[in-house]
Amino acid sequence: MSGGERVGTTARRWEIALACTAAAVVLAAVTVAAIVAVPPTIANLSSEVADGSAPTDLGDASVVVPADWVVTRDSDEAITVRTPDGALRARLESVDESPGDVVADAGVGASRSELLASGLTAVHVDLDDGRVVAGVGEPDAAPSVRVVVQVHPTAGDEPAAYRTAIGDLLEGIGR
């Protein structure tokens with residue numbers, strides 16, 4: 001083997017090593033991109049946009065989600081909904097508790113009770129962390145629907161601006 005062949009072989013080894021390193025970097029980048037992109041894509045596949053009139057079943061109850069809100073089915077007895085701007089997100093779940101028990105389980109705070117147009121009672125409380133927890137159903141009977149709302153308004157908006165949207169969501173709950 002002459003000196004020229006040896007230099008060519010050494011250079012070839014470096015080219016192969018660099019190519020393998022580049023392939024490993026590209027593979028790692030594709031893996032990270034898949035880890036980031038796949039879970040939201042799967043969630044979007046199980047999501048639909050509410051029409052504002054068709055009820056969505058929640059175990060023994062149902063809810064008519066306001067038009068244009070995104071509905072994601074979590075289980076047969078639970079859904080997650082969000083407003084079109086994404087600032088309000090709520091999880092609704094059918095539970096074997098009375099509305100008052102739902103709120104009592106949520107923690108401390110002055111609860112309020114309201115009679116909805118459907119004839120059901122909504123008991124709700126504002127928590128210190130900004131969440132709203134509500135139980136909707138017959139006043140002292142189980143089952144009911146637990147609603148946990150989180151509002152993260154866009155710049156310039158106040159969480160109180162979403163009170164009407166929360167009310168619309170609670171009004172949509174029925175048996």
# chains A, B, ... in the order shown; residues from 1 in each chain; ligands from 1

call {"tool": "residues_around", "arguments": {"residues": "A:Ala134", "least_positions_apart": "4", "cutoff": "6 Å", "atoms": "only C-alpha atoms", "output": "MDAnalysis selection string"}}
result
chainID A and resid 123:124 146:147

call {"tool": "closest_atom_pairs", "arguments": {"of": "stretch 37-69 of chain A", "to": "stretch 89-99 of chain A", "cutoff": "7 Å", "atoms": "only C-alpha atoms", "output": "JSON lines"}}
result
{"residue": "A:Leu58", "atom": "CA", "partner": "A:Ser94", "partner_atom": "CA", "distance": 5.7}
{"residue": "A:Gly59", "atom": "CA", "partner": "A:Ser94", "partner_atom": "CA", "distance": 5.9}
{"residue": "A:Ala61", "atom": "CA", "partner": "A:Ser94", "partner_atom": "CA", "distance": 6.9}

call {"tool": "write_last_selection", "arguments": {"atoms": "N, CA, C and O atoms", "output": "CSV table (one decimal), in the first residue's frame"}}
result
chain,number,residue,atom,x,y,z
A,58,LEU,N,-72.4,12.6,28.2
A,58,LEU,CA,-71.5,12.5,29.3
A,58,LEU,C,-72.0,11.5,30.3
A,58,LEU,O,-72.6,11.8,31.3
A,59,GLY,N,-71.9,10.2,30.0
A,59,GLY,CA,-72.5,9.2,30.9
A,59,GLY,C,-74.1,9.4,30.9
A,59,GLY,O,-74.7,9.3,29.9
A,61,ALA,N,-75.6,12.1,31.6
A,61,ALA,CA,-76.0,13.5,31.2
A,61,ALA,C,-75.5,13.8,29.8
A,61,ALA,O,-75.0,12.9,29.1

call {"tool": "select_by_dssp", "arguments": {"residues": "stretch 83-146 of chain A", "states": "strand (DSSP E)", "output": "PyMOL selection string"}}
result
chain A and resi 88-95+112-115+121-126+132-137+144-146

call {"tool": "residues_around", "arguments": {"residues": "stretch 64-81 of chain A", "least_positions_apart": "3", "cutoff": "12 Å", "atoms": "only C-alpha atoms", "output": "PDB file with N, CA and C atoms, in the first residue's frame"}}
result
ATOM      1  N   PRO A  40     -50.292  16.153  20.019  1.00  0.00           N
ATOM      2  CA  PRO A  40     -51.364  17.093  19.656  1.00  0.00           C
ATOM      3  C   PRO A  40     -52.121  16.660  18.401  1.00  0.00           C
ATOM      4  N   ILE A  42     -52.767  13.565  17.486  1.00  0.00           N
ATOM      5  CA  ILE A  42     -53.701  12.520  17.892  1.00  0.00           C
ATOM      6  C   ILE A  42     -54.894  13.136  18.613  1.00  0.00           C
ATOM      7  N   ALA A  43     -54.631  14.133  19.480  1.00  0.00           N
ATOM      8  CA  ALA A  43     -55.734  14.817  20.168  1.00  0.00           C
ATOM      9  C   ALA A  43     -56.640  15.515  19.169  1.00  0.00           C
ATOM     10  N   ASN A  44     -56.068  16.117  18.146  1.00  0.00           N
ATOM     11  CA  ASN A  44     -56.875  16.792  17.132  1.00  0.00           C
ATOM     12  C   ASN A  44     -57.716  15.804  16.332  1.00  0.00           C
ATOM     13  N   LEU A  45     -57.227  14.597  16.154  1.00  0.00           N
ATOM     14  CA  LEU A  45     -58.008  13.601  15.428  1.00  0.00           C
ATOM     15  C   LEU A  45     -59.258  13.194  16.205  1.00  0.00           C
ATOM     16  N   SER A  46     -59.183  13.280  17.541  1.00  0.00           N
ATOM     17  CA  SER A  46     -60.346  12.922  18.344  1.00  0.00           C
ATOM     18  C   SER A  46     -61.167  14.154  18.724  1.00  0.00           C
ATOM     19  N   SER A  47     -60.873  15.278  18.112  1.00  0.00           N
ATOM     20  CA  SER A  47     -61.588  16.524  18.401  1.00  0.00           C
ATOM     21  C   SER A  47     -62.579  16.838  17.294  1.00  0.00           C
ATOM     22  N   GLU A  48     -63.592  17.614  17.673  1.00  0.00           N
ATOM     23  CA  GLU A  48     -64.552  18.100  16.686  1.00  0.00           C
ATOM     24  C   GLU A  48     -64.987  19.499  17.104  1.00  0.00           C
ATOM     25  N   VAL A  49     -65.532  20.223  16.171  1.00  0.00           N
ATOM     26  CA  VAL A  49     -66.028  21.563  16.452  1.00  0.00           C
ATOM     27  C   VAL A  49     -67.531  21.475  16.695  1.00  0.00           C
ATOM     28  N   ALA A  50     -67.961  22.023  17.837  1.00  0.00           N
ATOM     29  CA  ALA A  50     -69.380  21.955  18.210  1.00  0.00           C
ATOM     30  C   ALA A  50     -70.212  22.841  17.300  1.00  0.00           C
ATOM     31  N   ASP A  51     -71.444  22.386  17.014  1.00  0.00           N
ATOM     32  CA  ASP A  51     -72.357  23.172  16.189  1.00  0.00           C
ATOM     33  C   ASP A  51     -73.321  24.007  17.021  1.00  0.00           C
ATOM     34  N   GLY A  52     -73.295  23.828  18.331  1.00  0.00           N
ATOM     35  CA  GLY A  52     -74.157  24.613  19.210  1.00  0.00           C
ATOM     36  C   GLY A  52     -75.558  24.072  19.377  1.00  0.00           C
ATOM     37  N   SER A  53     -75.862  22.929  18.744  1.00  0.00           N
ATOM     38  CA  SER A  53     -77.211  22.378  18.887  1.00  0.00           C
ATOM     39  C   SER A  53     -77.221  20.882  19.187  1.00  0.00           C
ATOM     40  N   ALA A  54     -76.235  20.143  18.755  1.00  0.00           N
ATOM     41  CA  ALA A  54     -76.201  18.695  18.990  1.00  0.00           C
ATOM     42  C   ALA A  54     -75.609  18.404  20.364  1.00  0.00           C
ATOM     43  N   PRO A  55     -76.302  17.610  21.189  1.00  0.00           N
ATOM     44  CA  PRO A  55     -75.763  17.293  22.521  1.00  0.00           C
ATOM     45  C   PRO A  55     -74.623  16.276  22.442  1.00  0.00           C
ATOM     46  N   THR A  56     -73.698  16.422  23.373  1.00  0.00           N
ATOM     47  CA  THR A  56     -72.599  15.480  23.534  1.00  0.00           C
ATOM     48  C   THR A  56     -72.855  14.709  24.825  1.00  0.00           C
ATOM     49  N   ASP A  57     -72.853  13.381  24.740  1.00  0.00           N
ATOM     50  CA  ASP A  57     -73.153  12.547  25.908  1.00  0.00           C
ATOM     51  C   ASP A  57     -72.009  12.556  26.910  1.00  0.00           C
ATOM     52  N   LEU A  58     -72.407  12.583  28.196  1.00  0.00           N
ATOM     53  CA  LEU A  58     -71.472  12.488  29.326  1.00  0.00           C
ATOM     54  C   LEU A  58     -72.048  11.479  30.306  1.00  0.00           C
ATOM     55  N   GLY A  59     -71.940  10.222  30.021  1.00  0.00           N
ATOM     56  CA  GLY A  59     -72.543   9.211  30.882  1.00  0.00           C
ATOM     57  C   GLY A  59     -74.050   9.361  30.900  1.00  0.00           C
ATOM     58  N   ASP A  60     -74.635   9.655  32.087  1.00  0.00           N
ATOM     59  CA  ASP A  60     -76.078   9.829  32.219  1.00  0.00           C
ATOM     60  C   ASP A  60     -76.544  11.222  31.812  1.00  0.00           C
ATOM     61  N   ALA A  61     -75.637  12.117  31.562  1.00  0.00           N
ATOM     62  CA  ALA A  61     -75.982  13.499  31.213  1.00  0.00           C
ATOM     63  C   ALA A  61     -75.538  13.798  29.787  1.00  0.00           C
ATOM     64  N   PRO A  84     -62.936  29.033  20.867  1.00  0.00           N
ATOM     65  CA  PRO A  84     -62.188  29.153  19.614  1.00  0.00           C
ATOM     66  C   PRO A  84     -60.842  29.874  19.774  1.00  0.00           C
ATOM     67  N   ASP A  85     -60.762  30.835  20.709  1.00  0.00           N
ATOM     68  CA  ASP A  85     -59.492  31.538  20.911  1.00  0.00           C
ATOM     69  C   ASP A  85     -58.540  30.784  21.830  1.00  0.00           C
ATOM     70  N   GLY A  86     -59.004  29.674  22.419  1.00  0.00           N
ATOM     71  CA  GLY A  86     -58.165  28.845  23.263  1.00  0.00           C
ATOM     72  C   GLY A  86     -57.931  29.390  24.661  1.00  0.00           C
ATOM     73  N   ALA A  87     -58.530  30.520  25.002  1.00  0.00           N
ATOM     74  CA  ALA A  87     -58.292  31.127  26.309  1.00  0.00           C
ATOM     75  C   ALA A  87     -59.035  30.411  27.423  1.00  0.00           C
ATOM     76  N   LEU A  88     -60.168  29.809  27.128  1.00  0.00           N
ATOM     77  CA  LEU A  88     -60.949  29.097  28.132  1.00  0.00           C
ATOM     78  C   LEU A  88     -60.913  27.610  27.801  1.00  0.00           C
ATOM     79  N   ARG A  89     -60.578  26.828  28.803  1.00  0.00           N
ATOM     80  CA  ARG A  89     -60.568  25.369  28.668  1.00  0.00           C
ATOM     81  C   ARG A  89     -61.329  24.801  29.849  1.00  0.00           C
ATOM     82  N   ALA A  90     -62.212  23.840  29.586  1.00  0.00           N
ATOM     83  CA  ALA A  90     -63.007  23.241  30.654  1.00  0.00           C
ATOM     84  C   ALA A  90     -63.062  21.733  30.474  1.00  0.00           C
ATOM     85  N   ARG A  91     -63.034  21.035  31.592  1.00  0.00           N
ATOM     86  CA  ARG A  91     -63.216  19.584  31.582  1.00  0.00           C
ATOM     87  C   ARG A  91     -64.558  19.307  32.245  1.00  0.00           C
ATOM     88  N   LEU A  92     -65.406  18.563  31.555  1.00  0.00           N
ATOM     89  CA  LEU A  92     -66.723  18.181  32.059  1.00  0.00           C
ATOM     90  C   LEU A  92     -66.723  16.679  32.250  1.00  0.00           C
ATOM     91  N   GLU A  93     -67.200  16.247  33.414  1.00  0.00           N
ATOM     92  CA  GLU A  93     -67.172  14.830  33.731  1.00  0.00           C
ATOM     93  C   GLU A  93     -68.404  14.452  34.539  1.00  0.00           C
ATOM     94  N   SER A  94     -69.044  13.371  34.149  1.00  0.00           N
ATOM     95  CA  SER A  94     -70.175  12.843  34.915  1.00  0.00           C
ATOM     96  C   SER A  94     -69.620  12.138  36.142  1.00  0.00           C
ATOM     97  N   VAL A  95     -70.124  12.549  37.326  1.00  0.00           N
ATOM     98  CA  VAL A  95     -69.629  11.981  38.586  1.00  0.00           C
ATOM     99  C   VAL A  95     -70.800  11.522  39.444  1.00  0.00           C
ATOM    100  N   ASP A  96     -70.532  10.616  40.353  1.00  0.00           N
ATOM    101  CA  ASP A  96     -71.563  10.093  41.239  1.00  0.00           C
ATOM    102  C   ASP A  96     -71.563  10.880  42.555  1.00  0.00           C
ATOM    103  N   SER A 118     -82.680  24.844  32.421  1.00  0.00           N
ATOM    104  CA  SER A 118     -83.051  23.434  32.275  1.00  0.00           C
ATOM    105  C   SER A 118     -83.747  22.885  33.508  1.00  0.00           C
ATOM    106  N   PRO A 143     -76.432  11.398  40.135  1.00  0.00           N
ATOM    107  CA  PRO A 143     -75.163  11.926  39.673  1.00  0.00           C
ATOM    108  C   PRO A 143     -75.281  13.390  39.258  1.00  0.00           C
ATOM    109  N   SER A 144     -74.124  13.975  38.984  1.00  0.00           N
ATOM    110  CA  SER A 144     -74.085  15.348  38.474  1.00  0.00           C
ATOM    111  C   SER A 144     -72.908  15.473  37.515  1.00  0.00           C
ATOM    112  N   VAL A 145     -72.733  16.656  36.992  1.00  0.00           N
ATOM    113  CA  VAL A 145     -71.621  16.914  36.085  1.00  0.00           C
ATOM    114  C   VAL A 145     -70.660  17.868  36.776  1.00  0.00           C
ATOM    115  N   ARG A 146     -69.406  17.426  36.888  1.00  0.00           N
ATOM    116  CA  ARG A 146     -68.353  18.286  37.427  1.00  0.00           C
ATOM    117  C   ARG A 146     -67.743  19.067  36.267  1.00  0.00           C
ATOM    118  N   VAL A 147     -67.646  20.382  36.449  1.00  0.00           N
ATOM    119  CA  VAL A 147     -67.058  21.250  35.435  1.00  0.00           C
ATOM    120  C   VAL A 147     -65.894  21.989  36.089  1.00  0.00           C
ATOM    121  N   VAL A 148     -64.710  21.844  35.515  1.00  0.00           N
ATOM    122  CA  VAL A 148     -63.532  22.564  35.999  1.00  0.00           C
ATOM    123  C   VAL A 148     -63.057  23.448  34.850  1.00  0.00           C
ATOM    124  N   VAL A 149     -63.089  24.767  35.091  1.00  0.00           N
ATOM    125  CA  VAL A 149     -62.783  25.746  34.047  1.00  0.00           C
ATOM    126  C   VAL A 149     -61.486  26.462  34.388  1.00  0.00           C
ATOM    127  N   GLN A 150     -60.628  26.600  33.392  1.00  0.00           N
ATOM    128  CA  GLN A 150     -59.426  27.411  33.512  1.00  0.00           C
ATOM    129  C   GLN A 150     -59.465  28.457  32.414  1.00  0.00           C
ATOM    130  N   VAL A 151     -59.190  29.705  32.789  1.00  0.00           N
ATOM    131  CA  VAL A 151     -59.182  30.790  31.816  1.00  0.00           C
ATOM    132  C   VAL A 151     -57.790  31.404  31.798  1.00  0.00           C
ATOM    133  N   THR A 164     -69.580  35.033  30.789  1.00  0.00           N
ATOM    134  CA  THR A 164     -70.730  34.707  29.940  1.00  0.00           C
ATOM    135  C   THR A 164     -70.524  33.364  29.254  1.00  0.00           C
ATOM    136  N   ALA A 165     -69.304  33.116  28.783  1.00  0.00           N
ATOM    137  CA  ALA A 165     -69.012  31.839  28.124  1.00  0.00           C
ATOM    138  C   ALA A 165     -69.163  30.675  29.106  1.00  0.00           C
ATOM    139  N   ILE A 166     -68.723  30.875  30.350  1.00  0.00           N
ATOM    140  CA  ILE A 166     -68.893  29.832  31.371  1.00  0.00           C
ATOM    141  C   ILE A 166     -70.365  29.586  31.621  1.00  0.00           C
ATOM    142  N   GLY A 167     -71.149  30.664  31.709  1.00  0.00           N
ATOM    143  CA  GLY A 167     -72.593  30.526  31.904  1.00  0.00           C
ATOM    144  C   GLY A 167     -73.254  29.789  30.762  1.00  0.00           C
ATOM    145  N   ASP A 168     -72.844  30.107  29.521  1.00  0.00           N
ATOM    146  CA  ASP A 168     -73.396  29.404  28.361  1.00  0.00           C
ATOM    147  C   ASP A 168     -73.088  27.901  28.416  1.00  0.00           C
ATOM    148  N   LEU A 169     -71.885  27.566  28.843  1.00  0.00           N
ATOM    149  CA  LEU A 169     -71.511  26.171  28.962  1.00  0.00           C
ATOM    150  C   LEU A 169     -72.343  25.455  30.019  1.00  0.00           C
ATOM    151  N   LEU A 170     -72.500  26.074  31.185  1.00  0.00           N
ATOM    152  CA  LEU A 170     -73.295  25.459  32.253  1.00  0.00           C
ATOM    153  C   LEU A 170     -74.753  25.326  31.846  1.00  0.00           C
ATOM    154  N   GLU A 171     -75.294  26.320  31.130  1.00  0.00           N
ATOM    155  CA  GLU A 171     -76.683  26.257  30.668  1.00  0.00           C
ATOM    156  C   GLU A 171     -76.909  25.115  29.678  1.00  0.00           C
ATOM    157  N   GLY A 172     -75.854  24.680  29.006  1.00  0.00           N
ATOM    158  CA  GLY A 172     -75.987  23.617  28.014  1.00  0.00           C
ATOM    159  C   GLY A 172     -76.057  22.224  28.613  1.00  0.00           C
ATOM    160  N   ILE A 173     -75.812  22.096  29.910  1.00  0.00           N
ATOM    161  CA  ILE A 173     -75.824  20.780  30.549  1.00  0.00           C
ATOM    162  C   ILE A 173     -77.252  20.349  30.839  1.00  0.00           C
ATOM    163  N   GLY A 174     -77.579  19.131  30.494  1.00  0.00           N
ATOM    164  CA  GLY A 174     -78.924  18.597  30.728  1.00  0.00           C
ATOM    165  C   GLY A 174     -78.886  17.110  31.012  1.00  0.00           C
ATOM    166  N   ARG A 175     -80.034  16.563  31.292  1.00  0.00           N
ATOM    167  CA  ARG A 175     -80.173  15.126  31.564  1.00  0.00           C
ATOM    168  C   ARG A 175     -80.826  14.454  30.398  1.00  0.00           C
TER     169      ARG A 175
END

call {"tool": "atom_distance", "arguments": {"atom1": "atom CA of A:Asp101", "atom2": "atom CA of A:Asp126"}}
result
15.1 Å

call {"tool": "decode", "arguments": {"residues": "stretch 144-158 of chain A", "atoms": "N, CA, C and O atoms", "output": "compact mmCIF listing (two decimals), in the first residue's frame"}}
result
# COMPACT_ATOMS: atom_id res chain seq x y z
N SER A 144 -74.12 13.97 38.98
CA SER A 144 -74.09 15.35 38.47
C SER A 144 -72.91 15.47 37.51
O SER A 144 -72.19 14.50 37.28
N VAL A 145 -72.73 16.66 36.99
CA VAL A 145 -71.62 16.91 36.08
C VAL A 145 -70.66 17.87 36.78
O VAL A 145 -71.05 18.94 37.21
N ARG A 146 -69.41 17.43 36.89
CA ARG A 146 -68.35 18.29 37.43
C ARG A 146 -67.74 19.07 36.27
O ARG A 146 -67.38 18.50 35.25
N VAL A 147 -67.65 20.38 36.45
CA VAL A 147 -67.06 21.25 35.44
C VAL A 147 -65.89 21.99 36.09
O VAL A 147 -66.07 22.66 37.10
N VAL A 148 -64.71 21.84 35.51
CA VAL A 148 -63.53 22.56 36.00
C VAL A 148 -63.06 23.45 34.85
O VAL A 148 -62.70 22.96 33.79
N VAL A 149 -63.09 24.77 35.09
CA VAL A 149 -62.78 25.75 34.05
C VAL A 149 -61.49 26.46 34.39
O VAL A 149 -61.29 26.90 35.52
N GLN A 150 -60.63 26.60 33.39
CA GLN A 150 -59.43 27.41 33.51
C GLN A 150 -59.47 28.46 32.41
O GLN A 150 -59.74 28.13 31.26
N VAL A 151 -59.19 29.71 32.79
CA VAL A 151 -59.18 30.79 31.82
C VAL A 151 -57.79 31.40 31.80
O VAL A 151 -57.27 31.82 32.83
N HIS A 152 -57.20 31.44 30.62
CA HIS A 152 -55.91 32.10 30.39
C HIS A 152 -56.13 33.09 29.26
O HIS A 152 -55.89 32.77 28.09
N PRO A 153 -56.62 34.30 29.59
CA PRO A 153 -56.98 35.25 28.54
C PRO A 153 -55.77 35.75 27.76
O PRO A 153 -54.64 35.74 28.26
N THR A 154 -56.05 36.16 26.54
CA THR A 154 -55.01 36.76 25.71
C THR A 154 -54.68 38.14 26.27
O THR A 154 -55.40 38.68 27.10
N ALA A 155 -53.60 38.69 25.81
CA ALA A 155 -53.15 40.00 26.32
C ALA A 155 -54.26 41.04 26.18
O ALA A 155 -54.91 41.15 25.15
N GLY A 156 -54.49 41.77 27.25
CA GLY A 156 -55.49 42.83 27.24
C GLY A 156 -56.87 42.39 27.68
O GLY A 156 -57.72 43.22 27.97
N ASP A 157 -57.12 41.08 27.74
CA ASP A 157 -58.42 40.59 28.19
C ASP A 157 -58.36 40.23 29.68
O ASP A 157 -57.30 39.88 30.21
N GLU A 158 -59.49 40.32 30.32
CA GLU A 158 -59.61 39.95 31.73
C GLU A 158 -60.34 38.60 31.83
O GLU A 158 -61.21 38.31 31.00
